[in-house]
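my_file-v7.tsv (TSV, C-alpha atoms and all ligand atoms) appears below.
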chain	number	residue	atom	x	y	z
M	1	MET	CA	193.22	86.19	118.56
M	2	ASP	CA	195.33	89.14	119.78
M	3	LYS	CA	196.70	90.99	116.73
M	4	ARG	CA	200.25	90.90	118.09
M	5	LYS	CA	200.27	87.14	118.67
M	6	TYR	CA	198.88	86.60	115.21
M	7	ILE	CA	201.64	88.62	113.58
M	8	VAL	CA	204.34	86.83	115.60
M	9	ARG	CA	203.02	83.41	114.55
M	10	LEU	CA	202.74	84.41	110.93
M	11	VAL	CA	206.27	85.74	110.86
M	12	PHE	CA	207.62	82.64	112.64
M	13	HIS	CA	206.10	80.57	109.91
M	14	ILE	CA	207.62	82.67	107.12
M	15	GLN	CA	211.01	82.79	108.85
M	16	ASN	CA	211.55	79.05	108.59
M	17	SER	CA	212.12	79.44	104.88
M	18	LEU	CA	214.49	82.42	105.01
M	19	GLU	CA	218.24	83.19	105.06
M	20	VAL	CA	219.80	84.65	108.26
M	21	HIS	CA	220.09	88.26	106.96
M	22	GLN	CA	216.49	88.13	105.72
M	23	LYS	CA	215.41	86.86	109.13
M	24	LYS	CA	217.11	89.84	110.82
M	25	THR	CA	215.34	92.34	108.58
M	26	ILE	CA	211.96	90.72	109.14
M	27	PHE	CA	212.58	90.67	112.89
M	28	LEU	CA	213.18	94.44	112.91
M	29	VAL	CA	210.11	95.13	110.76
M	30	VAL	CA	207.93	93.07	113.10
M	31	LEU	CA	209.31	94.85	116.14
M	32	ASN	CA	208.31	98.17	114.60
M	33	ILE	CA	204.80	96.94	113.77
M	34	ILE	CA	204.29	95.68	117.31
M	35	ASN	CA	205.55	98.95	118.76
M	36	GLY	CA	203.20	100.85	116.45
M	37	LEU	CA	200.23	98.77	117.57
M	38	THR	CA	201.11	99.28	121.22
M	39	ILE	CA	201.46	103.05	120.80
M	40	HIS	CA	198.19	103.14	118.86
M	41	SER	CA	196.27	101.17	121.46
M	42	MET	CA	197.70	103.31	124.24
M	43	LYS	CA	196.76	106.59	122.48
M	44	LYS	CA	194.19	108.59	124.40
M	45	ARG	CA	190.75	108.78	122.82
M	46	PHE	CA	189.60	112.35	122.37
M	47	ASN	CA	186.53	113.57	124.23
M	48	VAL	CA	183.80	115.13	122.17
M	49	LEU	CA	180.68	116.97	123.30
M	50	VAL	CA	177.62	117.02	121.03
M	51	THR	CA	175.03	119.56	122.17
M	52	ARG	CA	172.03	118.03	120.32
M	53	ARG	CA	171.10	114.83	118.58
M	54	LEU	CA	172.63	114.31	115.13
M	55	HIS	CA	171.80	111.68	112.52
M	56	ARG	CA	172.86	108.17	113.59
M	57	SER	CA	175.37	107.92	110.72
M	58	ALA	CA	177.16	111.01	112.02
M	59	LEU	CA	177.12	109.85	115.63
M	60	ASN	CA	178.48	106.47	114.53
M	61	MET	CA	181.40	108.15	112.78
M	62	LEU	CA	182.20	110.02	115.98
M	63	GLU	CA	181.64	107.15	118.41
M	64	GLU	CA	183.97	104.89	116.43
M	65	LYS	CA	186.84	107.22	117.21
M	66	TYR	CA	186.06	109.25	120.30
M	67	ASN	CA	184.40	109.26	123.70
M	68	VAL	CA	181.22	111.05	122.74
M	69	GLN	CA	179.03	112.81	125.23
M	70	LEU	CA	175.61	113.67	123.80
M	71	HIS	CA	173.78	116.37	125.73
M	72	SER	CA	170.19	115.30	126.16
M	73	GLY	CA	168.76	117.89	128.54
M	74	LYS	CA	167.41	121.35	127.95
M	75	ILE	CA	167.94	122.88	124.51
M	76	PRO	CA	169.86	125.03	123.84
M	77	ILE	CA	172.32	123.62	126.34
M	78	PRO	CA	172.33	125.94	129.39
M	79	LYS	CA	175.53	127.91	129.74
M	80	LYS	CA	176.38	126.45	133.15
M	81	THR	CA	176.02	122.87	131.86
M	82	LEU	CA	178.06	123.74	128.79
M	83	MET	CA	180.80	125.34	130.89
M	84	ASN	CA	180.99	122.25	133.12
M	85	LYS	CA	181.00	119.76	130.28
M	86	ILE	CA	183.37	121.51	127.93
M	87	LYS	CA	186.29	121.80	130.38
M	88	LYS	CA	187.99	118.57	129.30
M	89	MET	CA	186.57	118.26	125.79
M	90	ASP	CA	188.82	118.10	122.73
M	91	GLY	CA	186.00	118.65	120.27
M	92	LEU	CA	182.62	120.37	120.31
M	93	ILE	CA	179.67	119.91	117.99
M	94	CYS	CA	177.24	122.76	118.44
M	95	HIS	CA	174.14	124.28	116.89
M	96	PRO	CA	172.78	127.79	116.32
M	97	TYR	CA	171.65	129.30	119.63
M	98	ASP	CA	174.26	127.39	121.67
M	99	ILE	CA	176.22	130.41	122.78
M	100	ILE	CA	179.91	129.67	122.40
M	101	ASP	CA	181.31	132.89	123.81
M	102	LYS	CA	184.60	134.00	125.33
M	103	GLU	CA	183.81	132.53	128.73
M	104	VAL	CA	182.91	129.12	127.30
M	105	ILE	CA	185.92	129.00	124.99
M	106	SER	CA	188.44	130.13	127.58
M	107	GLY	CA	187.09	127.57	130.06
M	108	ALA	CA	187.72	124.73	127.61
M	109	GLU	CA	191.21	123.58	128.50
M	110	ASN	CA	191.71	121.06	125.67
M	111	LEU	CA	189.41	122.31	122.93
M	112	LYS	CA	190.85	121.92	119.43
M	113	VAL	CA	187.84	121.98	117.12
M	114	ILE	CA	184.35	123.51	117.14
M	115	SER	CA	182.09	122.16	114.44
M	116	THR	CA	178.72	123.83	114.04
M	117	PHE	CA	175.65	122.23	112.46
M	118	SER	CA	174.84	125.40	110.50
M	119	VAL	CA	175.98	127.84	107.89
M	120	GLY	CA	175.59	130.71	110.35
M	121	PHE	CA	178.29	131.09	113.00
M	122	ASP	CA	177.12	134.21	114.81
M	123	HIS	CA	176.68	132.10	117.97
M	124	ILE	CA	180.45	131.49	118.17
M	125	ASP	CA	183.03	134.07	119.18
M	126	ILE	CA	185.22	133.41	116.17
M	127	GLU	CA	187.94	135.87	117.11
M	128	ILE	CA	188.45	134.35	120.54
M	129	ALA	CA	188.32	130.79	119.19
M	130	LYS	CA	190.97	131.65	116.63
M	131	SER	CA	193.15	133.30	119.26
M	132	TYR	CA	193.19	129.89	121.00
M	133	LYS	CA	194.03	128.24	117.63
M	134	ILE	CA	190.74	126.37	117.73
M	135	LYS	CA	189.54	125.26	114.30
M	136	ILE	CA	185.96	126.10	113.36
M	137	GLY	CA	183.90	124.03	110.94
M	138	TYR	CA	180.48	124.88	109.44
M	139	THR	CA	178.10	123.58	106.78
M	140	PRO	CA	177.64	125.96	103.83
M	141	GLU	CA	176.66	124.87	100.29
M	142	VAL	CA	174.63	121.81	101.27
M	143	LEU	CA	171.83	124.00	102.61
M	144	THR	CA	171.84	126.63	99.86
M	145	ASN	CA	169.06	125.09	97.80
M	146	ALA	CA	166.85	124.19	100.76
M	147	THR	CA	167.03	127.71	102.17
M	148	ALA	CA	166.38	129.28	98.77
M	149	GLU	CA	163.39	126.96	98.31
M	150	LEU	CA	161.93	128.04	101.64
M	151	THR	CA	162.45	131.70	100.66
M	152	ILE	CA	160.43	131.15	97.50
M	153	GLY	CA	157.86	129.22	99.54
M	154	LEU	CA	157.40	132.16	101.91
M	155	ILE	CA	157.09	134.56	98.96
M	156	LEU	CA	154.39	132.44	97.32
M	157	ASP	CA	152.62	131.92	100.61
M	158	VAL	CA	152.47	135.52	101.81
M	159	LEU	CA	151.77	137.08	98.40
M	160	ARG	CA	149.05	134.56	97.50
M	161	ARG	CA	147.75	134.34	101.09
M	162	ILE	CA	147.93	130.54	101.20
M	163	SER	CA	148.33	130.09	104.97
M	164	GLU	CA	145.79	132.83	105.62
M	165	GLY	CA	143.30	130.98	103.39
M	166	ASP	CA	144.08	127.74	105.20
M	167	ARG	CA	143.24	129.45	108.51
M	168	ILE	CA	140.01	130.84	107.06
M	169	ILE	CA	138.88	127.37	106.01
M	170	ARG	CA	139.93	125.62	109.21
M	171	ASN	CA	138.20	128.27	111.31
M	172	LYS	CA	135.01	127.63	109.28
M	173	LYS	CA	134.98	131.21	107.99
M	174	TRP	CA	134.81	130.42	104.27
M	175	ASN	CA	131.24	131.48	103.75
M	176	GLN	CA	130.92	132.70	100.22
M	177	ILE	CA	131.80	130.89	97.02
M	178	PHE	CA	134.01	132.66	94.47
M	179	GLY	CA	133.51	136.39	95.00
M	180	ALA	CA	135.43	138.62	92.59
M	181	TYR	CA	137.32	140.26	95.42
M	182	ASP	CA	137.68	137.27	97.69
M	183	TYR	CA	141.09	136.62	99.19
M	184	THR	CA	142.87	138.35	96.33
M	185	GLY	CA	146.63	138.10	96.59
M	186	THR	CA	149.49	139.71	94.73
M	187	GLU	CA	150.82	138.22	91.52
M	188	ILE	CA	154.47	137.17	91.72
M	189	SER	CA	155.40	137.25	88.05
M	190	GLY	CA	156.59	140.67	86.91
M	191	LYS	CA	157.39	141.88	90.44
M	192	THR	CA	160.82	143.12	91.47
M	193	ILE	CA	162.64	141.19	94.14
M	194	GLY	CA	165.46	142.98	95.94
M	195	ILE	CA	167.99	140.54	97.27
M	196	MET	CA	170.10	141.82	100.13
M	197	GLY	CA	173.33	139.78	100.04
M	198	MET	CA	174.46	138.02	96.86
M	199	GLY	CA	176.28	135.08	98.44
M	200	ARG	CA	175.45	131.44	97.81
M	201	ILE	CA	171.84	131.60	99.04
M	202	GLY	CA	171.13	135.01	97.49
M	203	ARG	CA	172.29	133.68	94.12
M	204	GLU	CA	170.11	130.59	94.37
M	205	VAL	CA	167.10	132.74	95.24
M	206	ALA	CA	167.88	134.91	92.19
M	207	LYS	CA	167.87	131.84	89.92
M	208	LYS	CA	164.56	130.63	91.27
M	209	ALA	CA	163.04	134.13	91.14
M	210	ASN	CA	164.03	134.35	87.46
M	211	GLY	CA	162.12	131.14	86.89
M	212	LEU	CA	159.02	132.74	88.41
M	213	GLY	CA	159.25	135.73	86.08
M	214	MET	CA	160.50	138.23	88.65
M	215	LYS	CA	162.96	141.03	87.99
M	216	VAL	CA	165.97	140.74	90.28
M	217	ILE	CA	167.91	143.61	91.77
M	218	TYR	CA	170.44	143.16	94.55
M	219	HIS	CA	172.71	144.90	96.99
M	220	ASN	CA	175.93	143.46	98.34
M	221	ARG	CA	179.06	144.84	100.00
M	222	LYS	CA	180.67	144.52	96.54
M	223	PRO	CA	178.89	143.86	93.24
M	224	VAL	CA	179.45	140.35	91.90
M	225	SER	CA	181.29	140.00	88.58
M	226	LYS	CA	179.58	141.09	85.37
M	227	LYS	CA	179.71	137.48	84.21
M	228	ILE	CA	177.73	136.29	87.26
M	229	GLU	CA	175.33	139.24	86.96
M	230	LYS	CA	174.64	138.25	83.36
M	231	MET	CA	174.25	134.59	84.19
M	232	LEU	CA	171.86	135.30	87.07
M	233	ARG	CA	170.10	138.16	85.26
M	234	VAL	CA	170.53	140.45	88.25
M	235	LYS	CA	171.26	144.17	88.56
M	236	TYR	CA	173.33	145.77	91.29
M	237	VAL	CA	171.70	148.77	93.00
M	238	SER	CA	172.51	150.94	96.01
M	239	GLU	CA	171.07	149.91	99.38
M	240	ASN	CA	168.66	152.83	99.27
M	241	SER	CA	167.46	152.02	95.79
M	242	LEU	CA	166.86	148.39	96.84
M	243	TYR	CA	164.58	149.50	99.67
M	244	LYS	CA	162.69	151.97	97.46
M	245	ASN	CA	162.22	149.89	94.34
M	246	SER	CA	161.61	146.34	95.50
M	247	ASP	CA	158.20	144.73	95.70
M	248	ILE	CA	159.76	141.98	97.79
M	249	ILE	CA	162.93	142.35	99.87
M	250	SER	CA	164.67	139.12	100.79
M	251	LEU	CA	167.52	139.07	103.31
M	252	HIS	CA	170.53	136.81	102.76
M	253	ILE	CA	173.25	138.37	104.87
M	254	PRO	CA	175.02	137.12	107.98
M	255	TYR	CA	174.20	138.51	111.40
M	256	ASN	CA	176.92	140.57	113.05
M	257	LYS	CA	177.27	143.91	114.81
M	258	ASP	CA	177.00	145.76	111.48
M	259	THR	CA	173.77	144.03	110.47
M	260	HIS	CA	172.09	144.16	113.90
M	261	HIS	CA	168.63	145.76	113.36
M	262	LEU	CA	169.68	146.81	109.86
M	263	ILE	CA	166.03	146.64	108.88
M	264	ASN	CA	164.20	149.10	111.13
M	265	SER	CA	161.47	151.75	111.08
M	266	LYS	CA	163.60	154.09	108.93
M	267	ILE	CA	163.87	151.39	106.29
M	268	PHE	CA	160.18	150.47	106.46
M	269	LYS	CA	159.39	154.12	105.69
M	270	LYS	CA	161.50	153.88	102.55
M	271	MET	CA	159.86	150.68	101.34
M	272	LYS	CA	156.79	150.62	99.10
M	273	LYS	CA	153.51	150.33	100.99
M	274	THR	CA	152.71	147.35	98.77
M	275	SER	CA	155.98	145.58	99.51
M	276	PHE	CA	156.83	142.43	101.45
M	277	LEU	CA	159.80	141.52	103.63
M	278	ILE	CA	161.18	137.98	103.63
M	279	ASN	CA	163.70	136.91	106.26
M	280	THR	CA	165.36	133.49	106.23
M	281	SER	CA	168.74	134.68	107.52
M	282	ARG	CA	168.81	135.75	111.19
M	283	GLY	CA	166.08	137.30	113.31
M	284	LYS	CA	168.16	140.06	114.84
M	285	ILE	CA	168.87	141.63	111.44
M	286	VAL	CA	165.32	142.98	111.65
M	287	ASN	CA	164.05	145.13	114.51
M	288	GLU	CA	161.05	142.91	115.22
M	289	LYS	CA	159.13	145.46	117.31
M	290	GLN	CA	159.40	148.01	114.50
M	291	LEU	CA	158.46	145.37	111.93
M	292	ILE	CA	155.28	144.67	113.89
M	293	VAL	CA	154.42	148.38	113.86
M	294	ALA	CA	155.12	148.56	110.11
M	295	LEU	CA	152.86	145.55	109.51
M	296	LYS	CA	150.06	146.84	111.74
M	297	THR	CA	150.10	150.32	110.27
M	298	LYS	CA	150.36	148.97	106.72
M	299	GLN	CA	153.68	150.70	106.09
M	300	ILE	CA	154.50	147.49	104.28
M	301	GLN	CA	152.01	144.92	103.08
M	302	GLY	CA	153.29	141.72	104.59
M	303	ALA	CA	156.19	139.53	105.67
M	304	GLY	CA	157.39	135.96	105.46
M	305	ILE	CA	159.59	135.13	108.42
M	306	ASP	CA	161.59	132.03	109.26
M	307	VAL	CA	163.87	133.58	111.90
M	308	PHE	CA	163.06	135.67	114.94
M	309	GLU	CA	164.74	137.80	117.57
M	310	GLU	CA	163.86	135.15	120.11
M	311	GLU	CA	163.38	131.47	119.16
M	312	PRO	CA	161.04	129.77	119.79
M	313	ILE	CA	158.94	132.94	119.83
M	314	LYS	CA	156.97	133.80	122.96
M	315	LYS	CA	153.27	132.91	123.03
M	316	SER	CA	152.59	136.61	123.53
M	317	ASN	CA	154.47	137.69	120.38
M	318	PRO	CA	152.15	140.08	118.47
M	319	LEU	CA	153.25	138.52	115.16
M	320	LEU	CA	150.98	135.60	116.02
M	321	LYS	CA	147.94	137.84	115.72
M	322	LEU	CA	148.77	139.37	112.35
M	323	GLU	CA	147.13	137.95	109.22
M	324	ASN	CA	149.59	139.57	106.81
M	325	VAL	CA	152.55	137.47	107.93
M	326	VAL	CA	153.59	133.90	107.28
M	327	LEU	CA	155.66	132.39	110.06
M	328	ALA	CA	157.96	129.40	109.86
M	329	PRO	CA	159.83	127.82	112.80
M	330	HIS	CA	163.42	128.38	111.54
M	331	VAL	CA	163.32	125.62	108.93
M	332	GLY	CA	165.38	127.13	106.09
M	333	SER	CA	167.69	124.15	105.91
M	334	SER	CA	165.22	121.63	107.22
M	335	THR	CA	164.74	119.05	104.50
M	336	LYS	CA	165.52	115.38	105.10
M	337	GLU	CA	168.18	115.49	102.40
M	338	THR	CA	169.93	118.62	103.61
M	339	ARG	CA	169.87	117.85	107.32
M	340	GLN	CA	171.45	114.43	106.66
M	341	LYS	CA	174.25	116.11	104.70
M	342	MET	CA	174.68	118.74	107.41
M	343	SER	CA	175.05	116.05	110.08
M	344	ASP	CA	177.65	114.15	108.08
M	345	ILE	CA	179.68	117.27	107.28
M	346	THR	CA	179.52	118.44	110.89
M	347	ALA	CA	180.95	115.09	112.06
M	348	LYS	CA	183.56	114.96	109.29
M	349	ASN	CA	184.70	118.53	109.97
M	350	LEU	CA	185.25	117.61	113.60
M	351	ILE	CA	187.12	114.40	112.79
M	352	LEU	CA	189.37	116.10	110.23
M	353	GLY	CA	190.11	118.88	112.69
M	354	LEU	CA	191.04	116.45	115.47
M	355	GLN	CA	193.25	114.57	113.03
M	356	GLY	CA	195.06	117.83	112.32
M	357	LYS	CA	193.79	117.87	108.75
M	358	LYS	CA	192.03	120.51	106.64
M	359	LEU	CA	188.30	120.74	107.34
M	360	ILE	CA	185.77	120.36	104.51
M	361	TYR	CA	184.42	123.82	105.32
M	362	SER	CA	186.16	126.03	107.82
M	363	VAL	CA	185.48	129.56	108.97
O	401	LIG	C1	171.96	127.90	109.51
O	401	LIG	O1	172.51	126.87	109.13
O	401	LIG	O2	172.59	128.84	109.99
O	401	LIG	C2	170.49	127.97	109.38
O	401	LIG	O3	169.97	129.08	110.01
O	401	LIG	C3	169.86	126.71	109.89
O	401	LIG	O4	168.59	126.56	109.30

Rewritten as structure tokens:
Amino acid sequence: MDKRKYIVRLVFHIQNSLEVHQKKTIFLVVLNIINGLTIHSMKKRFNVLVTRRLHRSALNMLEEKYNVQLHSGKIPIPKKTLMNKIKKMDGLICHPYDIIDKEVISGAENLKVISTFSVGFDHIDIEIAKSYKIKIGYTPEVLTNATAELTIGLILDVLRRISEGDRIIRNKKWNQIFGAYDYTGTEISGKTIGIMGMGRIGREVAKKANGLGMKVIYHNRKPVSKKIEKMLRVKYVSENSLYKNSDIISLHIPYNKDTHHLINSKIFKKMKKTSFLINTSRGKIVNEKQLIVALKTKQIQGAGIDVFEEEPIKKSNPLLKLENVVLAPHVGSSTKETRQKMSDITAKNLILGLQGKKLIYSV
């Protein structure tokens, strides 16, 4: 039955047992409720664009409230398609590598919230979005552990040559049993890891590295408090000292114009010849061409890489031919548990933003 009719009938029933002044009050209350319902049902549903599939639970949350348009074509969404679709959108759910630049943002006439399925937000022009008073949501914290786990995984893999050994076996090249020098790797315990960036993920890597018996030094824009240093058993060093003294350098800094190609041939020359570079942050922080030279010429011993200058990498990328690297397809946060949480937070950030409320995590 129509909600309004139901309320009217109910009230009619109650009214039979009331005094005149009580009846008047009830009549006014009911009028207000009916008006409220009418206004509510007439309210425009917001339009929301989602650039890639999210978990069903997250899409359900969105579809309950809004007209959701899920982009299902080429990924990342081509700029032209994005520009066309975003014009009348109130909300946008995007992913790393969807370029949300000035042109896209200024072409979005109604955009109120951008919610990205990531901790990184280098794909969004934050300054421009803020100048349009657009709220920006992201998903830190929930992916800290997963990304730190992958970092440790890459360290173990490249130092102990696990993937290389797997390739040797699969390619039927394991010919000799147990030679003293066969496939010797580098022991992890006792080595010094230099963590570049002591934010959430850097700290989690430090904890896990402690557990593996590594010494931890770090560099950050500002040292963390003495209390945190003590708790994490980490030592602050200058950037130069980090490059020179680390056996493993792990990057945990955001990508921006200051960190573009921060790690380049000059830095590889400073690093130990026996050292390894691990990158689970953003590809463009490392000059990939110069990394390839450093790996080929044994300026450094190896690398574990989850992020690249171009993703997916080209089939002709020389990294594919190098044995002293372990490559992962940008999966830092990719565990079932974490990705589910990221989807839910991305949807909730968007909903809160469209409701004019504080986001769970905002930039
Ligand atoms: C992020 O969230 O920015 C990560 O790179 C995704 O794995």

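With all atoms listed in the file as the atoms that count, the minimum distance from Asn110 in chain M to the choices M:Ile134, M:Val68, M:Met196, M:Leu150 is reached by M:Ile134.
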
Selection: 7 Å around range 248-251 of chain M, only C-alpha atoms, excl. self and same-chain fewer than 6 positions, as a ChimeraX atom specification: /M:192-197,275-281

Neighbourhood of ligand LIG 401 (chain O) at 9 Å, counting all atoms listed in the file, reported as a PyMOL selection string: chain M and resi 95-96+116-122+138-140+143+147+254+280-282+306-307+330-334+342

Selected residue of minimal separation from Ile75 in chain M among M:Met231, M:Met89, M:Val326, M:Cys94, counting only C-alpha atoms: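 Result for the nearest residue to Ile75 in chain M: M:Cys94.
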
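What separates CA of Glu149 in chain M from CA of Arg161 in chain M is a distance of 17.5 Å.
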
Straight-line distance linking CA of Lys284 in chain M with CA of Ile128 in chain M, stated in Å to one decimal: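 These atoms are spaced 21.8 Å apart.
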
Counting all atoms listed in the file, the residue of M:Ala347, M:Val325, M:Ile124, M:Ala129 that sits nearest Ile155 in chain M: M:Val325
